[in-house]
file coords12.cif (mmCIF, C-alpha atoms and all ligand atoms)
data_data
loop_
_atom_site.label_atom_id
_atom_site.label_comp_id
_atom_site.auth_asym_id
_atom_site.auth_seq_id
_atom_site.Cartn_x
_atom_site.Cartn_y
_atom_site.Cartn_z
CA MET A 1 -15.05 5.49 42.51
CA ASN A 2 -12.79 3.20 44.58
CA THR A 3 -8.97 3.32 44.47
CA GLU A 4 -8.73 0.22 42.28
CA ASN A 5 -11.02 1.78 39.69
CA LEU A 6 -9.09 5.04 39.77
CA GLN A 7 -5.81 3.15 39.27
CA SER A 8 -7.12 1.14 36.33
CA GLN A 9 -8.54 4.30 34.76
CA ALA A 10 -5.14 6.02 35.12
CA ALA A 11 -3.38 3.01 33.58
CA SER A 12 -5.67 3.02 30.57
CA SER A 13 -5.66 6.77 29.92
CA VAL A 14 -3.29 8.33 27.40
CA PRO A 15 -0.28 10.32 28.67
CA SER A 16 -1.12 14.00 29.13
CA SER A 17 1.73 15.34 27.01
CA VAL A 18 4.14 14.11 24.28
CA ASP A 19 6.08 15.74 21.46
CA VAL A 20 4.14 14.00 18.66
CA VAL A 21 0.76 12.28 18.50
CA VAL A 22 0.03 10.07 15.51
CA VAL A 23 -3.57 9.02 14.89
CA GLY A 24 -3.86 5.71 13.04
CA ALA A 25 -1.57 2.66 13.23
CA GLY A 26 -1.58 1.85 9.51
CA ILE A 27 1.67 2.10 7.58
CA VAL A 28 1.41 5.85 7.03
CA GLY A 29 0.92 6.56 10.74
CA LEU A 30 3.58 4.10 11.89
CA ALA A 31 6.12 5.46 9.41
CA HIS A 32 5.54 8.97 10.78
CA ALA A 33 5.82 7.68 14.35
CA ALA A 34 9.02 5.71 13.65
CA LEU A 35 10.78 8.60 11.95
CA ALA A 36 9.66 11.11 14.61
CA ASN A 37 11.03 8.81 17.31
CA GLU A 38 14.25 8.34 15.31
CA ARG A 39 14.58 12.11 15.42
CA GLY A 40 14.51 11.97 19.24
CA LEU A 41 10.89 13.02 19.75
CA SER A 42 8.53 11.34 22.17
CA VAL A 43 5.66 9.74 20.28
CA LEU A 44 2.21 8.40 21.05
CA VAL A 45 0.31 6.44 18.38
CA ILE A 46 -3.42 6.03 18.98
CA GLU A 47 -5.41 3.47 16.99
CA ARG A 48 -9.16 3.07 17.34
CA ASP A 49 -9.12 -0.68 16.68
CA HIS A 50 -7.61 -3.44 18.83
CA ARG A 51 -5.13 -4.06 16.02
CA ALA A 52 -4.69 -2.45 12.63
CA VAL A 53 -6.83 -4.14 9.96
CA GLY A 54 -7.06 -1.32 7.40
CA ALA A 55 -5.64 -0.93 3.92
CA SER A 56 -2.13 -1.62 5.17
CA ILE A 57 -2.81 -5.28 5.87
CA ARG A 58 -5.17 -5.91 2.94
CA ASN A 59 -2.79 -5.14 0.12
CA PHE A 60 -0.15 -6.92 -1.98
CA GLY A 61 2.81 -5.68 0.05
CA HIS A 62 4.32 -4.39 -3.16
CA CYS A 63 6.50 -1.29 -2.90
CA CYS A 64 6.01 -0.29 -6.50
CA ILE A 65 8.94 2.08 -6.78
CA THR A 66 9.96 1.89 -10.44
CA ALA A 67 6.52 2.67 -11.88
CA GLN A 68 6.16 5.96 -9.97
CA THR A 69 6.95 9.27 -11.58
CA GLY A 70 7.85 12.82 -10.54
CA ASP A 71 7.45 13.63 -6.86
CA LEU A 72 5.98 10.20 -6.08
CA TYR A 73 9.08 8.59 -7.54
CA GLU A 74 11.27 10.71 -5.23
CA LEU A 75 9.16 9.68 -2.24
CA ALA A 76 9.27 6.03 -3.29
CA VAL A 77 13.05 6.04 -3.70
CA THR A 78 13.55 7.72 -0.32
CA GLY A 79 11.05 5.33 1.23
CA ARG A 80 12.91 2.30 -0.13
CA LYS A 81 15.92 2.99 2.13
CA HIS A 82 13.69 3.34 5.17
CA TRP A 83 11.73 0.18 4.35
CA LEU A 84 14.97 -1.82 4.30
CA ALA A 85 16.33 -0.14 7.45
CA TYR A 86 13.11 -0.68 9.42
CA SER A 87 12.82 -4.26 8.25
CA GLU A 88 16.19 -4.83 9.97
CA ARG A 89 15.33 -2.85 13.07
CA ALA A 90 11.77 -4.04 13.63
CA GLY A 91 12.43 -7.55 12.31
CA PHE A 92 9.78 -7.80 9.61
CA TRP A 93 10.20 -9.61 6.31
CA ALA A 94 11.18 -7.54 3.28
CA THR A 95 12.78 -8.64 0.05
CA GLU A 96 14.56 -6.80 -2.74
CA SER A 97 12.63 -8.92 -5.18
CA GLY A 98 11.94 -6.41 -7.92
CA ALA A 99 8.80 -6.88 -10.01
CA VAL A 100 8.14 -8.62 -13.31
CA VAL A 101 5.83 -7.04 -15.85
CA VAL A 102 4.64 -9.56 -18.42
CA ALA A 103 4.02 -8.43 -22.00
CA ARG A 104 1.55 -10.43 -24.07
CA THR A 105 1.60 -8.10 -27.08
CA GLU A 106 4.07 -5.96 -28.98
CA THR A 107 2.29 -2.84 -27.71
CA GLU A 108 2.79 -3.90 -24.09
CA LEU A 109 6.44 -4.61 -24.83
CA ARG A 110 6.83 -1.20 -26.47
CA VAL A 111 5.61 0.58 -23.33
CA LEU A 112 8.18 -1.35 -21.30
CA GLN A 113 10.94 -0.54 -23.80
CA GLU A 114 10.04 3.15 -23.75
CA LEU A 115 10.26 3.34 -19.97
CA ALA A 116 13.51 1.33 -19.92
CA GLU A 117 15.08 3.83 -22.36
CA ARG A 118 14.24 6.70 -19.99
CA ARG A 119 15.70 5.13 -16.86
CA GLU A 120 19.30 4.46 -15.79
CA PRO A 121 20.78 1.31 -17.32
CA GLY A 122 19.92 -1.80 -15.29
CA GLN A 123 16.90 -0.37 -13.51
CA ILE A 124 14.50 -1.93 -16.01
CA VAL A 125 15.78 -5.16 -17.57
CA LEU A 126 13.91 -6.24 -20.70
CA LEU A 127 13.23 -9.97 -20.79
CA SER A 128 12.62 -12.48 -23.55
CA ALA A 129 9.49 -14.64 -23.49
CA ALA A 130 11.45 -17.55 -22.00
CA GLU A 131 13.11 -15.34 -19.39
CA THR A 132 9.72 -13.93 -18.42
CA SER A 133 8.33 -17.43 -17.96
CA ALA A 134 11.35 -18.44 -15.91
CA ARG A 135 11.08 -15.37 -13.62
CA LEU A 136 7.45 -16.30 -12.94
CA GLY A 137 8.41 -19.83 -12.02
CA ARG A 138 6.19 -21.24 -14.77
CA PRO A 139 8.61 -24.16 -15.38
CA ALA A 140 8.28 -25.08 -11.68
CA VAL A 141 4.51 -25.43 -12.01
CA GLY A 142 4.72 -27.60 -15.09
CA VAL A 143 4.81 -25.18 -18.01
CA ALA A 144 8.37 -25.92 -18.98
CA ASP A 145 8.22 -25.43 -22.73
CA PRO A 146 8.96 -21.78 -23.54
CA THR A 147 7.00 -22.13 -26.78
CA GLU A 148 3.89 -22.46 -24.60
CA SER A 149 4.50 -19.02 -23.15
CA PRO A 150 1.68 -16.56 -23.76
CA PHE A 151 4.22 -13.72 -23.53
CA VAL A 152 6.20 -11.88 -26.18
CA GLY A 153 8.54 -10.68 -23.45
CA GLY A 154 8.52 -8.69 -20.27
CA ALA A 155 10.61 -6.57 -17.96
CA TRP A 156 12.14 -6.88 -14.53
CA LEU A 157 11.86 -3.75 -12.39
CA ARG A 158 14.99 -4.06 -10.25
CA ASP A 159 14.21 -1.59 -7.46
CA ASP A 160 10.77 -2.74 -6.35
CA LEU A 161 10.50 -4.30 -2.90
CA ARG A 162 8.04 -6.63 -1.26
CA VAL A 163 6.91 -6.92 2.35
CA ASP A 164 4.32 -9.24 3.88
CA PRO A 165 1.22 -7.09 4.39
CA ARG A 166 -0.26 -9.47 6.96
CA THR A 167 2.62 -9.09 9.42
CA THR A 168 4.51 -5.88 8.69
CA VAL A 169 2.29 -3.37 10.45
CA ALA A 170 1.92 -5.49 13.59
CA SER A 171 5.70 -6.01 13.79
CA LEU A 172 6.42 -2.33 13.30
CA ALA A 173 3.85 -1.31 15.92
CA ALA A 174 5.20 -3.82 18.47
CA TRP A 175 8.76 -2.67 17.87
CA LEU A 176 7.77 0.97 18.20
CA ASP A 177 5.89 0.25 21.41
CA SER A 178 9.03 -1.33 22.87
CA ARG A 179 11.06 1.85 22.27
CA THR A 180 11.91 4.43 24.87
CA ASP A 181 9.68 7.44 24.40
CA ALA A 182 7.25 5.73 22.04
CA SER A 183 4.00 3.95 22.71
CA VAL A 184 1.07 2.58 20.74
CA ARG A 185 -2.35 2.70 22.37
CA TRP A 186 -4.92 0.38 20.81
CA ASN A 187 -8.68 0.76 21.09
CA THR A 188 -8.17 4.51 21.46
CA SER A 189 -10.03 6.80 19.07
CA ALA A 190 -9.26 10.39 18.19
CA LEU A 191 -12.49 12.30 18.75
CA GLY A 192 -11.48 15.90 18.14
CA PHE A 193 -8.69 18.47 18.05
CA ALA A 194 -8.22 21.84 19.75
CA ALA A 195 -5.49 24.31 20.70
CA GLY A 196 -3.38 23.12 23.62
CA THR A 197 -2.48 25.06 26.74
CA GLY A 198 1.00 23.67 27.49
CA ARG A 199 1.67 22.49 23.91
CA THR A 200 0.42 23.66 20.51
CA ALA A 201 -2.33 21.08 20.02
CA LEU A 202 -4.71 19.04 22.11
CA VAL A 203 -6.17 15.72 20.94
CA ARG A 204 -9.39 14.54 22.54
CA THR A 205 -9.31 10.75 22.64
CA SER A 206 -11.63 8.05 23.96
CA ARG A 207 -9.05 7.63 26.77
CA GLY A 208 -8.64 11.29 27.73
CA ASP A 209 -6.87 14.34 26.37
CA VAL A 210 -3.26 14.52 25.24
CA GLU A 211 -1.29 17.63 24.28
CA ALA A 212 1.47 17.63 21.67
CA ASP A 213 3.57 20.01 19.62
CA HIS A 214 2.73 18.10 16.44
CA VAL A 215 -0.15 15.83 15.52
CA PHE A 216 -0.29 13.72 12.36
CA VAL A 217 -3.73 12.36 11.57
CA CYS A 218 -3.09 9.32 9.36
CA VAL A 219 -6.50 7.70 9.17
CA GLY A 220 -6.44 6.81 5.47
CA HIS A 221 -9.84 6.88 3.76
CA ASP A 222 -11.60 7.80 7.02
CA VAL A 223 -10.24 11.33 6.84
CA ASP A 224 -13.74 12.44 5.78
CA LEU A 225 -15.18 11.22 9.09
CA LEU A 226 -12.93 13.59 11.06
CA PHE A 227 -12.52 16.47 8.58
CA PRO A 228 -15.44 16.39 6.13
CA GLU A 229 -14.72 19.81 4.62
CA VAL A 230 -11.05 19.04 4.00
CA ALA A 231 -12.05 15.76 2.38
CA GLU A 232 -14.66 17.50 0.22
CA GLY A 233 -12.07 20.09 -0.86
CA HIS A 234 -9.74 17.30 -1.95
CA LYS A 235 -12.63 15.36 -3.54
CA ILE A 236 -11.86 12.25 -1.50
CA GLN A 237 -13.68 9.07 -2.35
CA ARG A 238 -13.23 5.52 -1.17
CA CYS A 239 -11.78 3.11 -3.68
CA SER A 240 -12.86 -0.46 -2.91
CA LEU A 241 -10.92 -3.40 -4.27
CA GLN A 242 -11.69 -7.11 -4.46
CA MET A 243 -8.86 -9.40 -3.49
CA ALA A 244 -8.40 -13.12 -3.00
CA ALA A 245 -5.78 -15.46 -1.60
CA ALA A 246 -4.93 -18.86 -3.03
CA ALA A 247 -2.67 -21.68 -1.99
CA GLY A 248 0.52 -21.44 -4.04
CA PRO A 249 0.78 -24.25 -6.60
CA ASP A 250 3.24 -26.96 -5.55
CA GLY A 251 6.79 -25.93 -6.32
CA LEU A 252 6.05 -22.28 -6.98
CA ASP A 253 8.58 -19.96 -5.37
CA LEU A 254 7.81 -16.55 -6.77
CA ASP A 255 10.09 -13.77 -5.63
CA PRO A 256 9.00 -10.71 -7.66
CA ALA A 257 5.61 -9.02 -7.70
CA VAL A 258 3.91 -9.77 -11.03
CA LEU A 259 2.24 -7.00 -13.04
CA THR A 260 0.39 -7.06 -16.35
CA ALA A 261 -0.95 -4.72 -19.03
CA THR A 262 -3.71 -3.40 -16.79
CA SER A 263 -1.04 -2.48 -14.22
CA MET A 264 0.68 -0.43 -16.91
CA LEU A 265 -2.58 1.46 -17.41
CA ARG A 266 -2.64 2.48 -13.72
CA TYR A 267 0.91 3.40 -12.68
CA GLY A 268 2.12 6.91 -13.59
CA ALA A 269 5.48 6.11 -15.20
CA PHE A 270 3.88 3.72 -17.72
CA VAL A 271 0.91 6.00 -18.37
CA GLU A 272 3.30 8.78 -19.45
CA MET A 273 4.90 6.65 -22.19
CA PRO A 274 4.16 7.51 -25.83
CA SER A 275 2.63 4.09 -26.52
CA ALA A 276 0.34 4.13 -23.47
CA PRO A 277 -2.69 5.40 -25.47
CA ASP A 278 -2.18 2.53 -27.93
CA LEU A 279 -2.07 0.11 -25.01
CA LEU A 280 -5.33 1.46 -23.62
CA ALA A 281 -6.98 1.14 -27.05
CA GLU A 282 -5.66 -2.40 -27.36
CA VAL A 283 -7.01 -3.53 -23.97
CA GLN A 284 -10.32 -1.80 -24.76
CA ALA A 285 -10.54 -3.83 -27.97
CA GLN A 286 -9.21 -7.16 -26.70
CA ASP A 287 -10.35 -7.45 -23.07
CA PRO A 288 -12.87 -4.70 -22.24
CA ALA A 289 -14.26 -6.68 -19.28
CA LEU A 290 -11.05 -5.92 -17.40
CA LEU A 291 -11.56 -2.19 -17.88
CA ASP A 292 -15.19 -2.50 -16.77
CA ILE A 293 -14.06 -3.70 -13.33
CA GLY A 294 -11.10 -1.29 -13.15
CA ALA A 295 -8.73 -4.25 -13.06
CA ASN A 296 -5.11 -4.22 -12.14
CA VAL A 297 -4.33 -7.88 -12.76
CA MET A 298 -1.39 -8.59 -10.48
CA PHE A 299 -0.22 -10.97 -7.78
CA THR A 300 2.43 -11.57 -5.17
CA GLN A 301 3.44 -14.56 -3.07
CA ARG A 302 3.71 -14.29 0.72
CA PRO A 303 6.61 -15.97 2.57
CA ASP A 304 4.25 -18.82 3.59
CA GLY A 305 3.58 -19.54 -0.09
CA THR A 306 0.10 -18.02 -0.26
CA LEU A 307 -0.65 -16.06 -3.41
CA LEU A 308 -2.30 -12.64 -3.07
CA LEU A 309 -4.45 -12.05 -6.14
CA GLY A 310 -6.11 -8.87 -7.33
CA ASP A 311 -7.63 -6.52 -8.00
CA SER A 312 -10.62 -4.46 -9.11
CA HIS A 313 -11.37 -0.79 -8.41
CA ALA A 314 -14.73 0.88 -7.68
CA TYR A 315 -15.07 4.49 -6.51
CA GLN A 316 -17.74 5.72 -4.10
CA LYS A 317 -17.95 7.88 -0.98
CA THR A 318 -19.55 5.02 0.96
CA VAL A 319 -18.57 1.67 -0.45
CA GLU A 320 -20.85 -1.15 -1.45
CA PRO A 321 -19.99 -3.87 1.10
CA PHE A 322 -20.78 -6.84 -1.14
CA LEU A 323 -18.15 -8.75 -3.10
CA VAL A 324 -19.14 -9.43 -6.71
CA GLU A 325 -18.31 -13.02 -7.63
CA PRO A 326 -17.90 -12.53 -11.42
CA THR A 327 -15.27 -9.87 -10.67
CA THR A 328 -13.20 -12.30 -8.63
CA ALA A 329 -13.73 -15.01 -11.26
CA LEU A 330 -12.48 -12.74 -14.04
CA LEU A 331 -9.35 -11.74 -12.14
CA LEU A 332 -8.70 -15.34 -11.21
CA ASP A 333 -9.03 -16.47 -14.81
CA ARG A 334 -6.50 -13.92 -16.08
CA ILE A 335 -4.03 -14.71 -13.28
CA GLN A 336 -4.25 -18.44 -13.97
CA GLU A 337 -3.37 -17.70 -17.60
CA VAL A 338 -0.29 -15.73 -16.55
CA LEU A 339 0.82 -18.43 -14.12
CA GLY A 340 0.07 -21.21 -16.59
CA VAL A 341 -2.15 -23.21 -14.23
CA ASP A 342 -5.67 -24.55 -14.85
CA SER A 343 -7.01 -23.64 -11.45
CA LEU A 344 -6.03 -22.07 -8.17
CA ASP A 345 -7.34 -23.13 -4.79
CA ILE A 346 -8.93 -19.96 -3.34
CA THR A 347 -8.65 -19.78 0.44
CA GLU A 348 -9.83 -16.23 1.23
CA ARG A 349 -11.63 -13.30 -0.36
CA TRP A 350 -11.79 -9.79 1.04
CA GLN A 351 -12.41 -6.17 0.27
CA GLY A 352 -9.75 -3.51 0.70
CA ILE A 353 -10.44 0.20 0.75
CA TYR A 354 -8.12 3.13 0.22
CA ALA A 355 -8.60 6.88 -0.15
CA SER A 356 -8.74 8.16 -3.71
CA SER A 357 -8.84 11.63 -5.21
CA GLU A 358 -8.89 13.10 -8.69
CA VAL A 359 -7.21 16.22 -7.22
CA GLY A 360 -3.94 14.45 -6.47
CA PRO A 361 -2.33 11.40 -4.87
CA LEU A 362 -1.47 13.03 -1.52
CA LEU A 363 -3.55 14.95 0.99
CA ILE A 364 -1.40 16.92 3.41
CA ALA A 365 -3.49 19.56 5.11
CA GLY A 366 -3.09 21.70 8.21
CA VAL A 367 -6.41 21.17 9.97
CA ALA A 368 -5.76 22.96 13.29
CA PRO A 369 -2.70 24.55 14.93
CA GLY A 370 -0.04 21.84 15.04
CA VAL A 371 -2.40 19.26 13.48
CA THR A 372 -1.74 17.87 9.99
CA ALA A 373 -3.94 15.39 8.16
CA VAL A 374 -1.90 13.01 5.97
CA SER A 375 -3.64 10.59 3.60
CA VAL A 376 -2.27 8.89 0.53
CA THR A 377 -5.15 9.31 -1.93
CA ALA A 378 -4.09 6.67 -4.45
CA GLY A 379 -3.26 2.97 -4.21
CA ILE A 380 0.43 3.50 -3.42
CA GLY A 381 0.49 4.07 0.32
CA MET A 382 2.90 1.21 1.04
CA THR A 383 5.24 2.52 -1.64
CA VAL A 384 5.41 6.15 -0.52
CA SER A 385 4.64 5.90 3.24
CA PHE A 386 8.20 6.13 4.54
CA GLY A 387 9.26 8.74 1.97
CA LEU A 388 6.29 10.89 2.87
CA ALA A 389 6.96 10.48 6.58
CA ALA A 390 10.64 11.35 6.11
CA ARG A 391 9.63 14.54 4.33
CA ASN A 392 7.00 15.53 6.90
CA ILE A 393 9.16 14.78 9.93
CA SER A 394 12.24 16.53 8.53
CA ALA A 395 10.07 19.64 7.90
CA LEU A 396 9.24 19.93 11.61
CA PRO A 397 10.88 22.96 13.27
C1 LIG B 1 -6.45 -4.18 -1.86
C2 LIG B 1 -5.38 -3.14 -1.80
C3 LIG B 1 -4.17 -3.35 -2.45
C4 LIG B 1 -3.17 -2.38 -2.37
N1 LIG B 1 -1.94 -2.67 -2.88
C5 LIG B 1 -0.92 -1.81 -2.65
C6 LIG B 1 0.39 -2.16 -2.98
O1 LIG B 1 0.69 -3.27 -3.39
N2 LIG B 1 1.37 -1.20 -2.86
C7 LIG B 1 1.10 0.02 -2.33
O2 LIG B 1 2.01 0.84 -2.26
N3 LIG B 1 -0.12 0.33 -1.89
C8 LIG B 1 -1.14 -0.54 -2.03
N4 LIG B 1 -2.38 -0.24 -1.60
C9 LIG B 1 -2.60 1.05 -0.93
C10 LIG B 1 -2.10 1.02 0.51
O3 LIG B 1 -2.48 -0.19 1.13
C11 LIG B 1 -2.69 2.21 1.27
O4 LIG B 1 -2.44 3.40 0.54
C12 LIG B 1 -2.04 2.33 2.64
O5 LIG B 1 -2.09 1.10 3.32
C13 LIG B 1 -2.75 3.41 3.46
O6 LIG B 1 -2.17 3.39 4.74
P1 LIG B 1 -2.81 4.21 5.90
O7 LIG B 1 -1.96 4.02 7.09
O8 LIG B 1 -3.05 5.62 5.44
O9 LIG B 1 -4.28 3.61 6.08
P2 LIG B 1 -4.79 2.32 6.92
O10 LIG B 1 -3.88 1.17 6.80
O11 LIG B 1 -6.21 2.13 6.51
O12 LIG B 1 -4.70 2.80 8.43
C14 LIG B 1 -5.50 3.85 8.95
C15 LIG B 1 -5.75 3.51 10.41
O13 LIG B 1 -6.38 4.62 11.03
C16 LIG B 1 -7.26 4.11 12.02
N5 LIG B 1 -8.23 5.15 12.39
C17 LIG B 1 -9.19 5.68 11.59
N6 LIG B 1 -9.86 6.65 12.26
C18 LIG B 1 -9.31 6.71 13.49
C19 LIG B 1 -9.58 7.53 14.66
N7 LIG B 1 -10.52 8.47 14.66
N8 LIG B 1 -8.83 7.33 15.77
C20 LIG B 1 -7.84 6.38 15.79
N9 LIG B 1 -7.56 5.59 14.73
C21 LIG B 1 -8.28 5.76 13.59
C22 LIG B 1 -7.88 2.91 11.35
O14 LIG B 1 -8.46 2.01 12.27
C23 LIG B 1 -6.69 2.33 10.60
O15 LIG B 1 -6.04 1.30 11.34
C24 LIG B 1 -3.41 -1.18 -1.67
C25 LIG B 1 -4.62 -0.96 -1.03
C26 LIG B 1 -5.59 -1.94 -1.06
C27 LIG B 1 -6.88 -1.70 -0.32
#
call {"tool": "encode", "arguments": {"input": "coords12.cif", "output": "structure tokens"}}
result
Amino acid sequence: MNTENLQSQAASSVPSSVDVVVVGAGIVGLAHAALANERGLSVLVIERDHRAVGASIRNFGHCCITAQTGDLYELAVTGRKHWLAYSERAGFWATESGAVVVARTETELRVLQELAERREPGQIVLLSAAETSARLGRPAVGVADPTESPFVGGAWLRDDLRVDPRTTVASLAAWLDSRTDASVRWNTSALGFAAGTGRTALVRTSRGDVEADHVFVCVGHDVDLLFPEVAEGHKIQRCSLQMAAAAGPDGLDLDPAVLTATSMLRYGAFVEMPSAPDLLAEVQAQDPALLDIGANVMFTQRPDGTLLLGDSHAYQKTVEPFLVEPTTALLLDRIQEVLGVDSLDITERWQGIYASSEVGPLLIAGVAPGVTAVSVTAGIGMTVSFGLAARNISALP
């Protein structure tokens, strides 16, 4: 090998030793890397792709804080502070928009009332039908008469945040890479893990070996590819979701995320409410097709005006790669009803995948000395990423 080749090989290889290696440049990995670096540790992030295109860029960008419960709520609330701080530091868009949940029936409204009664005053603001329409911007798209509203009311969830999923992860990675003692190496795969000689752990990568005191493997649903037995123990499956983007109707400027009855059937805090079983029975009776596709009818608007529309849920170990048109059509129909428009101009369709488990919403497993696998095994990884990272990094010796 000539000198030039040796030099270019050295330039492309990973450093031989750092305090922390993070595998995966999705939001969970980057949050761990950012908080480890904030703690003064040297950090290397390795990402197998040339840029992150996983779950973290395919979602709604909704930090769904209010609708979490128990430990997940604690993580979400902690994460909220970090989201806002890192938006400032790394320069990505984030807004304290809250979320609006629309209620089309008295049962839906009752679930919202029940949760509002259990939370501090002001966190969940109950809305009239007209207020719900106004928060959605329906008047701006031509549905000005409140009597035309299909809602009986709604609620505004004050503490929810929104980020732009298409740009956040790239901004955070670029910012991290510009920091002293932090770097992000793209097109670099983790191939295996072993005990280190100078440090606790050794990571074999497609660009050489690196030793570290701590390794966080944040590869989302692909945890089964690296640690099949751990994934089997946690009963990990892939959840695949159909999404679409549409041009925002003229004049629509929608700040909050918008949730509906099917959202209330999926998020823990609503599911715990006394009237939740009645809500499930009602949706089963009135709109069973939504349950058949595992719908969470919701949408957000990106800063460029594009609407992100979703979503359906299907659970398999290896996902069916094909998008099912009637599923998208059904979601689109229900979203148009909520927005009060006859049609939306679809510009993109895609499939997102996240890790799912009936065992629990978080997989945190020691997989080798100094090596911890971290996957969010429910559709809330944006919401809890920074809270989870804060907990894991502060637990380091
Ligand atoms: C359609 C959809 C909508 C969603 N909506 C929301 C929402 O609004 N709010 C919310 O809180 N959550 C939402 N979620 C869930 C959330 O997006 C995920 O939980 C979260 O993004 C998972 O982040 P991650 O970093 O673990 O995974 P990913 O973003 O998938 O990142 C994992 C990374 O690891 C890399 N990798 C894998 N194997 C290796 C290897 N061997 N070596 C190196 N790199 C590797 C991959 O290339 C990938 O870039 C949604 C998910 C989907 C799919």
call {"tool": "residues_around", "arguments": {"input": "coords12.cif", "residues": "Arg199 (chain A)", "least_positions_apart": "6", "cutoff": "6 Å", "atoms": "only C-alpha atoms", "output": "ChimeraX atom specification"}}
result
/A:211-213
call {"tool": "write_last_selection", "arguments": {"input": "coords12.cif", "atoms": "C-alpha atoms", "output": "short mmCIF file (atom, residue, chain, number, x, y, z; two decimals), in the coordinates of the input"}}
result
data_model
loop_
_atom_site.label_atom_id
_atom_site.label_comp_id
_atom_site.auth_asym_id
_atom_site.auth_seq_id
_atom_site.Cartn_x
_atom_site.Cartn_y
_atom_site.Cartn_z
CA GLU A 211 -1.29 17.63 24.28
CA ALA A 212 1.47 17.63 21.67
CA ASP A 213 3.57 20.01 19.62
#
call {"tool": "residues_around", "arguments": {"input": "coords12.cif", "residues": "Arg51 (chain A)", "least_positions_apart": "6", "cutoff": "8 Å", "atoms": "only C-alpha atoms", "output": "PDB file with C-alpha atoms, in the coordinates of the input"}}
result
ATOM      1  CA  ALA A 170       1.920  -5.490  13.590  1.00  0.00           C
ATOM      2  CA  TRP A 186      -4.920   0.380  20.810  1.00  0.00           C
ATOM      3  CA  ASN A 187      -8.680   0.760  21.090  1.00  0.00           C
TER       4      ASN A 187
END
call {"tool": "residues_near_ligand", "arguments": {"input": "coords12.cif", "ligand": "ligand LIG 1 (chain B)", "cutoff": "6 Å", "atoms": "only C-alpha atoms and all ligand atoms", "output": "VMD selection string"}}
result
chain A and resid 23 to 29 46 to 49 52 to 56 58 to 64 188 to 191 218 to 220 222 241 243 352 to 354 375 to 376 379 to 383
call {"tool": "write_last_selection", "arguments": {"input": "coords12.cif", "atoms": "C-alpha atoms", "output": "PDB file, keeping the file's coordinate frame"}}
result
ATOM      1  CA  VAL A  23      -3.570   9.020  14.890  1.00  0.00           C
ATOM      2  CA  GLY A  24      -3.860   5.710  13.040  1.00  0.00           C
ATOM      3  CA  ALA A  25      -1.570   2.660  13.230  1.00  0.00           C
ATOM      4  CA  GLY A  26      -1.580   1.850   9.510  1.00  0.00           C
ATOM      5  CA  ILE A  27       1.670   2.100   7.580  1.00  0.00           C
ATOM      6  CA  VAL A  28       1.410   5.850   7.030  1.00  0.00           C
ATOM      7  CA  GLY A  29       0.920   6.560  10.740  1.00  0.00           C
ATOM      8  CA  ILE A  46      -3.420   6.030  18.980  1.00  0.00           C
ATOM      9  CA  GLU A  47      -5.410   3.470  16.990  1.00  0.00           C
ATOM     10  CA  ARG A  48      -9.160   3.070  17.340  1.00  0.00           C
ATOM     11  CA  ASP A  49      -9.120  -0.680  16.680  1.00  0.00           C
ATOM     12  CA  ALA A  52      -4.690  -2.450  12.630  1.00  0.00           C
ATOM     13  CA  VAL A  53      -6.830  -4.140   9.960  1.00  0.00           C
ATOM     14  CA  GLY A  54      -7.060  -1.320   7.400  1.00  0.00           C
ATOM     15  CA  ALA A  55      -5.640  -0.930   3.920  1.00  0.00           C
ATOM     16  CA  SER A  56      -2.130  -1.620   5.170  1.00  0.00           C
ATOM     17  CA  ARG A  58      -5.170  -5.910   2.940  1.00  0.00           C
ATOM     18  CA  ASN A  59      -2.790  -5.140   0.120  1.00  0.00           C
ATOM     19  CA  PHE A  60      -0.150  -6.920  -1.980  1.00  0.00           C
ATOM     20  CA  GLY A  61       2.810  -5.680   0.050  1.00  0.00           C
ATOM     21  CA  HIS A  62       4.320  -4.390  -3.160  1.00  0.00           C
ATOM     22  CA  CYS A  63       6.500  -1.290  -2.900  1.00  0.00           C
ATOM     23  CA  CYS A  64       6.010  -0.290  -6.500  1.00  0.00           C
ATOM     24  CA  THR A 188      -8.170   4.510  21.460  1.00  0.00           C
ATOM     25  CA  SER A 189     -10.030   6.800  19.070  1.00  0.00           C
ATOM     26  CA  ALA A 190      -9.260  10.390  18.190  1.00  0.00           C
ATOM     27  CA  LEU A 191     -12.490  12.300  18.750  1.00  0.00           C
ATOM     28  CA  CYS A 218      -3.090   9.320   9.360  1.00  0.00           C
ATOM     29  CA  VAL A 219      -6.500   7.700   9.170  1.00  0.00           C
ATOM     30  CA  GLY A 220      -6.440   6.810   5.470  1.00  0.00           C
ATOM     31  CA  ASP A 222     -11.600   7.800   7.020  1.00  0.00           C
ATOM     32  CA  LEU A 241     -10.920  -3.400  -4.270  1.00  0.00           C
ATOM     33  CA  MET A 243      -8.860  -9.400  -3.490  1.00  0.00           C
ATOM     34  CA  GLY A 352      -9.750  -3.510   0.700  1.00  0.00           C
ATOM     35  CA  ILE A 353     -10.440   0.200   0.750  1.00  0.00           C
ATOM     36  CA  TYR A 354      -8.120   3.130   0.220  1.00  0.00           C
ATOM     37  CA  SER A 375      -3.640  10.590   3.600  1.00  0.00           C
ATOM     38  CA  VAL A 376      -2.270   8.890   0.530  1.00  0.00           C
ATOM     39  CA  GLY A 379      -3.260   2.970  -4.210  1.00  0.00           C
ATOM     40  CA  ILE A 380       0.430   3.500  -3.420  1.00  0.00           C
ATOM     41  CA  GLY A 381       0.490   4.070   0.320  1.00  0.00           C
ATOM     42  CA  MET A 382       2.900   1.210   1.040  1.00  0.00           C
ATOM     43  CA  THR A 383       5.240   2.520  -1.640  1.00  0.00           C
TER      44      THR A 383
END
